[in-house]
Amino acid sequence: MSSVKDKILELREKKANTLLGGGIEKIEQQHKLGKLTARERLHLLFDNGFYDEFFIFAQPNRAFELAGIKQSSADGIATALGSIDGRLVYAASQDFTVMGGSVGAMHAWKMSEMAKKALRDGAPFITINDSGGARIQEGIYSLRGYGEIFYHNTLLSGVVPQIAIVAGPCAGGAAYSPALMDFIIMVQGTGKMFIAGPNVIKEATGEDIGAEELGGAMAQATISGNVHFIARDDAEAIEITKKLLSYLPSNNTENPPYYGSNELDLSNDESLNTIIPDDPREAYNMYDILNRVFDPGTLFEVQSHFAKNIIIAFARLNGRVVGVIANQPNHLSGAIDINASDKASRFVRFCNAFNIPLISFVDVPGFMPGVEQEFGGIIRHGAKLLFSYSATTVPKLTLVIRKAYGGAYLAMCAKSLGADRVAAWPTAEIAVMGPEGAVSVLYRDEIKNNENPKAKRQELIEKYKSEMLNPYVAAGAGMVDSVIEPMQTRLYLSIALETSLNKRELRPEKKHGLIPM
């Protein structure tokens with residue numbers, strides 16, 4: 001009969017063996033690829049490297065009779081809770097050293113259980129994905145497990161923040177769990193994400209493409225827009241995760257973390273008075289404005305590689321977290337295309353779900369014209385942005401910098417779309433369309449019948465510019481609250497934000513709106 005001491009020693013041995021995952025040899029293979037192990041990643045993620053691991057002795061159901069596999073260390077996934085900057089966080093980290101991190105029924109159950117706990121406790125949920133995909137030996141039970149993961153990702157959506165780190169392969173059905181989460185951080189070189197890999201594509205369509213070119217970080221961040229952040233290695237991916245969390249509340253009942261001193265910095269920045277070129281056709285860099293307006297070093301851009309004609313970012317203003325949406329004039333002149341619409345509308349909805357006020361910086365000449373855009377559904381995609389802004393109930397502040405033309409201006413949160421405060425710089429051009437197009441419509445006959453049509457057209461364009469392309473017409477109609485000197489932007493936005501924090505807005509009761517998909 002074993003003594004208590006023997007049982008304790010047995011427990012220690014079992015635990016030590018489990019924590020080794022697939023064993024020393026496979027851990028070394030992981031390191032040679034530049035990857036950390038599942039538990040090394042958790043150690044970096046949590047404060048002081050401490051975490052409490054759940055279900056450490058979980059094993060696949062023997063009824064599945066895994067081919068030749070007698071034991072599966074924690075079934076290839078480490079599930080844990082710990083704190084990040086003192087706040088409770090749940091995490092699930094796949095262990096590639098154990099059956100390639102493949103997902104079986106117990107593996108999926110563990111991940112779903114952590115999601116349930118995150119939902120119950122109102123805590124962020126993080127997954128670290130490094131998996132060969134479905135565990136073929138478990139057949140439809142693996143498939144059911146994926147369905148349960150997707151279902152719980154959906155239950156958590158809008159309730160607690162969900163962040164996925166893709167640190168290894170993430171193929172087939174495995175890619176959909178990160179896609180259902182709020183943010184994806186991918187490790188360059190080792191992270192891969194695709195539904196069908198290069199071999200499958202080659203066999204099905206004859207197209208020849210490499211794994212990195214198809215599913216690597218840069219491809220997924222720049223072309224498909226699936227990835228929000230790129231990291232050089234596992235350690236940087238975890239640092240990005242921590243930084244991202246510092247801008248987010250733990251759940252949808254809380255406000256974002258406040259890092260201020262209860263005093264407002266209302267200082268003027270005179271450099272803003274000269275930042276806009278005299279020539280309205282000349283581009284400038286919107287980052288030069290954003291970095292001067294918000295607290296130094298706090299602008300944290302999301303999806304910086306995708307749809308560069310629009311900027312989405314978190315920032316702090318006097319220590320308060322805000323979501324920033326800004327047109328970027330030095331890329332496609334800041335016009336809104338299909339990708340920009342999708343990028344911005346998803347970010348607006350995220351901020352609204354987690355009580356993050358929105359500040360929009362407008363310099364938009366219109367929606368992107370072109371046959372490709374029209375056939376690609378720019379109407380439907382642009383409507384997402386209109387819908388998203390209209391549906392938000394958080395404080396919404398809008399600043400018109402320069403161009404604000406037509407429906408694209410509305411889509412950047414004009415007063416009529418529910419903006420709580422709208423200010424404009426004196427350089428603002430608020431109109432249905434640009435002067436050239438407007439004159440061609442308004443004065444078609446007058447130009448046509450003139451003895452010098454070209455000169456007459458130019459004369460009318462200049463008249464339209466002086467009389468209509470300014471913020472005062474809109475201000476006179478109550479569509480703009482204030483016309484401000486650029487250098488006073490921080491002062492204006494600071495006061496507008498502080499005075500709108502207690503905003504309450506009632507909406508018709510319904511299950512949910514039907515966003516144009």
# chains A, B, ... in the order shown; residues from 1 in each chain; ligands from 1

$ select_by_dssp --residues "stretch 121-170 of chain A" --states "strand (DSSP E or B)" --output "list in words"
Phe125, Ile126, Thr127, Ile128, Asn129, Asp130, Ser131, Ala134, Gln162, Ile163, Ala164, Ile165, Val166, Ala167, Gly168, Pro169 and Cys170 of chain A

$ select_by_dssp --residues "stretch 122-175 of chain A" --states "alpha helix (DSSP H)" --output "ChimeraX atom specification"
/A:139-156

$ residues_around --residues "stretch 422-439 of chain A" --least-positions-apart "3" --cutoff "8 Å" --atoms "only C-alpha atoms" --output "PyMOL selection string"
chain A and resi 276+365-366+397-407+414-415+419+442-444+457+460-461+464-465+468-471+474+479-486

$ write_last_selection --atoms "C-alpha atoms" --output "PDB file, in the first residue's frame"
ATOM      1  CA  ILE A 276      -2.017  72.200 -43.626  1.00  0.00           C
ATOM      2  CA  PRO A 365     -12.597  63.767 -50.905  1.00  0.00           C
ATOM      3  CA  GLY A 366     -15.239  61.041 -51.280  1.00  0.00           C
ATOM      4  CA  LEU A 397     -16.383  63.823 -31.448  1.00  0.00           C
ATOM      5  CA  THR A 398     -15.608  64.875 -35.014  1.00  0.00           C
ATOM      6  CA  LEU A 399     -12.988  67.318 -36.269  1.00  0.00           C
ATOM      7  CA  VAL A 400     -13.035  68.442 -39.914  1.00  0.00           C
ATOM      8  CA  ILE A 401      -9.484  69.214 -40.999  1.00  0.00           C
ATOM      9  CA  ARG A 402      -9.846  69.916 -44.710  1.00  0.00           C
ATOM     10  CA  LYS A 403     -11.984  68.114 -47.309  1.00  0.00           C
ATOM     11  CA  ALA A 404     -15.372  66.820 -46.178  1.00  0.00           C
ATOM     12  CA  TYR A 405     -17.262  65.957 -49.339  1.00  0.00           C
ATOM     13  CA  GLY A 406     -20.599  64.239 -49.814  1.00  0.00           C
ATOM     14  CA  GLY A 407     -21.565  60.871 -48.405  1.00  0.00           C
ATOM     15  CA  ALA A 414     -21.035  64.027 -39.376  1.00  0.00           C
ATOM     16  CA  LYS A 415     -23.482  65.752 -37.035  1.00  0.00           C
ATOM     17  CA  ALA A 419     -21.778  63.126 -33.584  1.00  0.00           C
ATOM     18  CA  LEU A 442     -24.813  73.738 -61.246  1.00  0.00           C
ATOM     19  CA  TYR A 443     -23.680  75.864 -64.171  1.00  0.00           C
ATOM     20  CA  ARG A 444     -23.671  73.446 -67.092  1.00  0.00           C
ATOM     21  CA  ARG A 457     -15.776  77.469 -65.757  1.00  0.00           C
ATOM     22  CA  LEU A 460     -17.224  79.808 -61.362  1.00  0.00           C
ATOM     23  CA  ILE A 461     -14.952  77.279 -59.659  1.00  0.00           C
ATOM     24  CA  TYR A 464     -17.742  78.284 -55.551  1.00  0.00           C
ATOM     25  CA  LYS A 465     -14.548  77.829 -53.541  1.00  0.00           C
ATOM     26  CA  MET A 468     -19.128  77.394 -50.413  1.00  0.00           C
ATOM     27  CA  LEU A 469     -15.856  75.609 -49.581  1.00  0.00           C
ATOM     28  CA  ASN A 470     -15.509  76.832 -46.024  1.00  0.00           C
ATOM     29  CA  PRO A 471     -16.817  75.717 -42.622  1.00  0.00           C
ATOM     30  CA  ALA A 474     -22.191  74.408 -42.214  1.00  0.00           C
ATOM     31  CA  MET A 479     -23.948  71.281 -38.613  1.00  0.00           C
ATOM     32  CA  VAL A 480     -20.685  72.443 -37.063  1.00  0.00           C
ATOM     33  CA  ASP A 481     -20.580  73.476 -33.401  1.00  0.00           C
ATOM     34  CA  SER A 482     -17.353  75.447 -33.502  1.00  0.00           C
ATOM     35  CA  VAL A 483     -14.743  76.693 -35.940  1.00  0.00           C
ATOM     36  CA  ILE A 484     -11.439  76.629 -34.061  1.00  0.00           C
ATOM     37  CA  GLU A 485      -7.838  77.557 -34.630  1.00  0.00           C
ATOM     38  CA  PRO A 486      -5.848  74.394 -35.294  1.00  0.00           C
TER      39      PRO A 486
END

$ atom_distance --atom1 "atom CA of A:Gln94" --atom2 "atom CA of A:Gly132"
10.0 Å

$ closest_atom_pairs --of "stretch 220-331 of chain A" --to "stretch 155-161 of chain A" --cutoff "7 Å" --atoms "only C-alpha atoms" --output "Markdown table"
| residue | atom | partner | partner_atom | distance |
| --- | --- | --- | --- | --- |
| A:Ser250 | CA | A:Val160 | CA | 6.2 |
| A:Asn251 | CA | A:Val160 | CA | 4.3 |
| A:Asn252 | CA | A:Val159 | CA | 5.1 |

$ write_last_selection --atoms "C-alpha atoms" --output "short mmCIF file (atom, residue, chain, number, x, y, z; two decimals), in the first residue's frame"
data_model
loop_
_atom_site.label_atom_id
_atom_site.label_comp_id
_atom_site.auth_asym_id
_atom_site.auth_seq_id
_atom_site.Cartn_x
_atom_site.Cartn_y
_atom_site.Cartn_z
CA SER A 250 -11.79 43.90 -18.82
CA ASN A 251 -15.40 43.65 -20.00
CA ASN A 252 -18.28 45.61 -21.47
#

$ residues_around --residues "stretch 498-506 of chain A" --least-positions-apart "6" --cutoff "8 Å" --atoms "only C-alpha atoms" --output "list in words"
Thr393, Val394, Pro395 and Asp420 of chain A

$ write_last_selection --atoms "N, CA and C atoms" --output "CSV table (one decimal), in the first residue's frame"
chain,number,residue,atom,x,y,z
A,393,THR,N,-23.3,54.4,-29.4
A,393,THR,CA,-23.9,55.3,-28.3
A,393,THR,C,-22.8,55.9,-27.4
A,394,VAL,N,-21.5,55.6,-27.6
A,394,VAL,CA,-20.4,56.2,-26.9
A,394,VAL,C,-20.3,57.6,-27.3
A,395,PRO,N,-19.6,58.5,-26.6
A,395,PRO,CA,-19.3,59.8,-27.0
A,395,PRO,C,-18.6,59.8,-28.4
A,420,ASP,N,-21.6,64.0,-31.3
A,420,ASP,CA,-22.0,64.8,-30.2
A,420,ASP,C,-21.5,66.2,-30.3

$ residues_around --residues "A:Gly319" --least-positions-apart "5" --cutoff "7 Å" --atoms "only C-alpha atoms" --output "list in words"
Tyr258, Tyr259 and Gly260 of chain A

$ write_last_selection --atoms "C-alpha atoms" --output "short mmCIF file (atom, residue, chain, number, x, y, z; two decimals), in the first residue's frame"
data_model
loop_
_atom_site.label_atom_id
_atom_site.label_comp_id
_atom_site.auth_asym_id
_atom_site.auth_seq_id
_atom_site.Cartn_x
_atom_site.Cartn_y
_atom_site.Cartn_z
CA TYR A 258 -7.53 55.65 -16.79
CA TYR A 259 -3.91 56.81 -16.64
CA GLY A 260 -4.44 60.51 -15.99
#

$ closest_atom_pairs --of "stretch 151-215 of chain A" --to "stretch 121-128 of chain A" --cutoff "12 Å" --atoms "only C-alpha atoms" --output "JSON lines"
{"residue": "A:His152", "atom": "CA", "partner": "A:Phe125", "partner_atom": "CA", "distance": 10.9}
{"residue": "A:Asn153", "atom": "CA", "partner": "A:Phe125", "partner_atom": "CA", "distance": 9.3}
{"residue": "A:Leu155", "atom": "CA", "partner": "A:Phe125", "partner_atom": "CA", "distance": 11.9}
{"residue": "A:Leu156", "atom": "CA", "partner": "A:Phe125", "partner_atom": "CA", "distance": 8.6}
{"residue": "A:Ser157", "atom": "CA", "partner": "A:Phe125", "partner_atom": "CA", "distance": 10.4}
{"residue": "A:Gly158", "atom": "CA", "partner": "A:Pro124", "partner_atom": "CA", "distance": 10.9}
{"residue": "A:Val159", "atom": "CA", "partner": "A:Gly122", "partner_atom": "CA", "distance": 7.5}
{"residue": "A:Val160", "atom": "CA", "partner": "A:Pro124", "partner_atom": "CA", "distance": 5.2}
{"residue": "A:Pro161", "atom": "CA", "partner": "A:Pro124", "partner_atom": "CA", "distance": 4.9}
{"residue": "A:Gln162", "atom": "CA", "partner": "A:Phe125", "partner_atom": "CA", "distance": 4.9}
{"residue": "A:Ile163", "atom": "CA", "partner": "A:Ile126", "partner_atom": "CA", "distance": 4.9}
{"residue": "A:Ala164", "atom": "CA", "partner": "A:Thr127", "partner_atom": "CA", "distance": 4.9}
{"residue": "A:Ile165", "atom": "CA", "partner": "A:Ile128", "partner_atom": "CA", "distance": 4.7}
{"residue": "A:Val166", "atom": "CA", "partner": "A:Ile128", "partner_atom": "CA", "distance": 6.1}
{"residue": "A:Ala167", "atom": "CA", "partner": "A:Ile128", "partner_atom": "CA", "distance": 6.7}
{"residue": "A:Gly168", "atom": "CA", "partner": "A:Ile128", "partner_atom": "CA", "distance": 8.8}
{"residue": "A:Pro169", "atom": "CA", "partner": "A:Ile128", "partner_atom": "CA", "distance": 10.9}
{"residue": "A:Cys170", "atom": "CA", "partner": "A:Ile128", "partner_atom": "CA", "distance": 10.3}
{"residue": "A:Ala174", "atom": "CA", "partner": "A:Thr127", "partner_atom": "CA", "distance": 11.6}
{"residue": "A:Ala175", "atom": "CA", "partner": "A:Thr127", "partner_atom": "CA", "distance": 11.9}
{"residue": "A:Ser177", "atom": "CA", "partner": "A:Thr127", "partner_atom": "CA", "distance": 9.1}
{"residue": "A:Pro178", "atom": "CA", "partner": "A:Thr127", "partner_atom": "CA", "distance": 8.1}
{"residue": "A:Ala179", "atom": "CA", "partner": "A:Thr127", "partner_atom": "CA", "distance": 11.7}
{"residue": "A:Leu180", "atom": "CA", "partner": "A:Thr127", "partner_atom": "CA", "distance": 11.7}
{"residue": "A:Met181", "atom": "CA", "partner": "A:Ile126", "partner_atom": "CA", "distance": 9.2}
{"residue": "A:Asp182", "atom": "CA", "partner": "A:Phe125", "partner_atom": "CA", "distance": 10.1}
{"residue": "A:Phe183", "atom": "CA", "partner": "A:Ile126", "partner_atom": "CA", "distance": 9.8}
{"residue": "A:Ile184", "atom": "CA", "partner": "A:Thr127", "partner_atom": "CA", "distance": 9.7}
{"residue": "A:Ile185", "atom": "CA", "partner": "A:Ile128", "partner_atom": "CA", "distance": 9.4}
{"residue": "A:Met186", "atom": "CA", "partner": "A:Ile128", "partner_atom": "CA", "distance": 9.8}
{"residue": "A:Val187", "atom": "CA", "partner": "A:Ile128", "partner_atom": "CA", "distance": 10.7}
{"residue": "A:Gly191", "atom": "CA", "partner": "A:Ile128", "partner_atom": "CA", "distance": 10.7}

$ write_last_selection --atoms "N, CA and C atoms" --output "mmCIF file, in the first residue's frame"
data_model
loop_
_atom_site.group_PDB
_atom_site.id
_atom_site.type_symbol
_atom_site.label_atom_id
_atom_site.label_comp_id
_atom_site.auth_asym_id
_atom_site.auth_seq_id
_atom_site.Cartn_x
_atom_site.Cartn_y
_atom_site.Cartn_z
ATOM 1 N N HIS A 152 -18.325 29.536 -28.561
ATOM 2 C CA HIS A 152 -17.960 30.307 -27.367
ATOM 3 C C HIS A 152 -17.240 31.602 -27.728
ATOM 4 N N ASN A 153 -16.465 31.603 -28.818
ATOM 5 C CA ASN A 153 -15.908 32.874 -29.303
ATOM 6 C C ASN A 153 -17.026 33.874 -29.576
ATOM 7 N N LEU A 155 -20.118 33.839 -28.225
ATOM 8 C CA LEU A 155 -20.748 34.240 -26.965
ATOM 9 C C LEU A 155 -19.944 35.339 -26.277
ATOM 10 N N LEU A 156 -18.630 35.260 -26.343
ATOM 11 C CA LEU A 156 -17.778 36.243 -25.675
ATOM 12 C C LEU A 156 -17.733 37.568 -26.426
ATOM 13 N N SER A 157 -18.086 37.547 -27.722
ATOM 14 C CA SER A 157 -17.955 38.734 -28.554
ATOM 15 C C SER A 157 -18.753 39.903 -27.990
ATOM 16 N N GLY A 158 -18.077 41.032 -27.802
ATOM 17 C CA GLY A 158 -18.725 42.223 -27.283
ATOM 18 C C GLY A 158 -18.918 42.222 -25.782
ATOM 19 N N VAL A 159 -18.515 41.146 -25.114
ATOM 20 C CA VAL A 159 -18.647 41.056 -23.657
ATOM 21 C C VAL A 159 -17.284 41.190 -22.989
ATOM 22 N N VAL A 160 -16.301 40.433 -23.475
ATOM 23 C CA VAL A 160 -14.927 40.580 -22.996
ATOM 24 C C VAL A 160 -14.005 40.666 -24.211
ATOM 25 N N PRO A 161 -12.899 41.386 -24.121
ATOM 26 C CA PRO A 161 -11.958 41.430 -25.243
ATOM 27 C C PRO A 161 -11.362 40.050 -25.517
ATOM 28 N N GLN A 162 -11.212 39.718 -26.795
ATOM 29 C CA GLN A 162 -10.600 38.461 -27.203
ATOM 30 C C GLN A 162 -9.417 38.761 -28.121
ATOM 31 N N ILE A 163 -8.265 38.209 -27.774
ATOM 32 C CA ILE A 163 -7.041 38.445 -28.540
ATOM 33 C C ILE A 163 -6.443 37.102 -28.927
ATOM 34 N N ALA A 164 -6.114 36.942 -30.202
ATOM 35 C CA ALA A 164 -5.485 35.715 -30.685
ATOM 36 C C ALA A 164 -4.057 36.015 -31.133
ATOM 37 N N ILE A 165 -3.115 35.252 -30.598
ATOM 38 C CA ILE A 165 -1.735 35.287 -31.083
ATOM 39 C C ILE A 165 -1.542 34.075 -31.986
ATOM 40 N N VAL A 166 -1.151 34.307 -33.228
ATOM 41 C CA VAL A 166 -0.861 33.204 -34.147
ATOM 42 C C VAL A 166 0.658 33.068 -34.196
ATOM 43 N N ALA A 167 1.161 32.056 -33.477
ATOM 44 C CA ALA A 167 2.601 31.880 -33.316
ATOM 45 C C ALA A 167 3.131 30.665 -34.063
ATOM 46 N N GLY A 168 2.260 29.984 -34.755
ATOM 47 C CA GLY A 168 2.640 28.801 -35.511
ATOM 48 C C GLY A 168 1.595 28.564 -36.577
ATOM 49 N N PRO A 169 1.495 27.335 -37.089
ATOM 50 C CA PRO A 169 0.486 27.062 -38.108
ATOM 51 C C PRO A 169 -0.921 27.232 -37.549
ATOM 52 N N CYS A 170 -1.809 27.696 -38.403
ATOM 53 C CA CYS A 170 -3.198 27.911 -38.009
ATOM 54 C C CYS A 170 -4.010 27.735 -39.284
ATOM 55 N N ALA A 174 -9.014 25.763 -38.018
ATOM 56 C CA ALA A 174 -8.320 26.418 -36.899
ATOM 57 C C ALA A 174 -8.238 27.929 -37.101
ATOM 58 N N ALA A 175 -8.275 28.399 -38.338
ATOM 59 C CA ALA A 175 -8.146 29.834 -38.607
ATOM 60 C C ALA A 175 -9.390 30.615 -38.210
ATOM 61 N N SER A 177 -11.280 30.431 -35.423
ATOM 62 C CA SER A 177 -11.365 30.936 -34.050
ATOM 63 C C SER A 177 -10.674 32.291 -33.920
ATOM 64 N N PRO A 178 -9.424 32.471 -34.388
ATOM 65 C CA PRO A 178 -8.841 33.818 -34.384
ATOM 66 C C PRO A 178 -9.682 34.823 -35.163
ATOM 67 N N ALA A 179 -10.253 34.389 -36.283
ATOM 68 C CA ALA A 179 -11.051 35.308 -37.100
ATOM 69 C C ALA A 179 -12.294 35.785 -36.365
ATOM 70 N N LEU A 180 -12.801 34.992 -35.426
ATOM 71 C CA LEU A 180 -13.980 35.370 -34.649
ATOM 72 C C LEU A 180 -13.625 36.238 -33.444
ATOM 73 N N MET A 181 -12.341 36.384 -33.183
ATOM 74 C CA MET A 181 -11.902 37.178 -32.040
ATOM 75 C C MET A 181 -11.672 38.629 -32.461
ATOM 76 N N ASP A 182 -11.349 39.483 -31.513
ATOM 77 C CA ASP A 182 -11.294 40.923 -31.788
ATOM 78 C C ASP A 182 -10.009 41.358 -32.477
ATOM 79 N N PHE A 183 -8.887 40.766 -32.082
ATOM 80 C CA PHE A 183 -7.597 41.176 -32.631
ATOM 81 C C PHE A 183 -6.736 39.946 -32.867
ATOM 82 N N ILE A 184 -5.996 39.975 -33.972
ATOM 83 C CA ILE A 184 -5.056 38.899 -34.284
ATOM 84 C C ILE A 184 -3.653 39.490 -34.352
ATOM 85 N N ILE A 185 -2.732 38.890 -33.607
ATOM 86 C CA ILE A 185 -1.313 39.262 -33.625
ATOM 87 C C ILE A 185 -0.569 38.060 -34.202
ATOM 88 N N MET A 186 0.156 38.258 -35.292
ATOM 89 C CA MET A 186 0.838 37.131 -35.924
ATOM 90 C C MET A 186 2.352 37.307 -35.859
ATOM 91 N N VAL A 187 3.034 36.211 -35.557
ATOM 92 C CA VAL A 187 4.494 36.205 -35.502
ATOM 93 C C VAL A 187 5.045 35.978 -36.906
ATOM 94 N N GLY A 191 4.382 32.162 -37.835
ATOM 95 C CA GLY A 191 2.925 32.149 -37.896
ATOM 96 C C GLY A 191 2.434 31.991 -39.326
#

$ residues_around --residues "A:Arg135" --least-positions-apart "4" --cutoff "9 Å" --atoms "only C-alpha atoms" --output "VMD selection string"
chain A and resid 99 101 to 105 139 141 to 143

$ closest_residue --among "A:Lys117, A:Lys14, A:Arg292, A:Lys396" --to "A:Met487" --atoms "only C-alpha atoms"
A:Arg292

$ atom_distance --atom1 "atom CA of A:Asn330" --atom2 "atom CA of A:Glu282"
8.6 Å

$ residues_around --residues "A:Ala313" --least-positions-apart "6" --cutoff "9 Å" --atoms "only C-alpha atoms" --output "ChimeraX atom specification"
/A:299-304,322-326,347

$ atom_distance --atom1 "atom CA of A:Ile289" --atom2 "atom CA of A:Tyr472"
22.4 Å
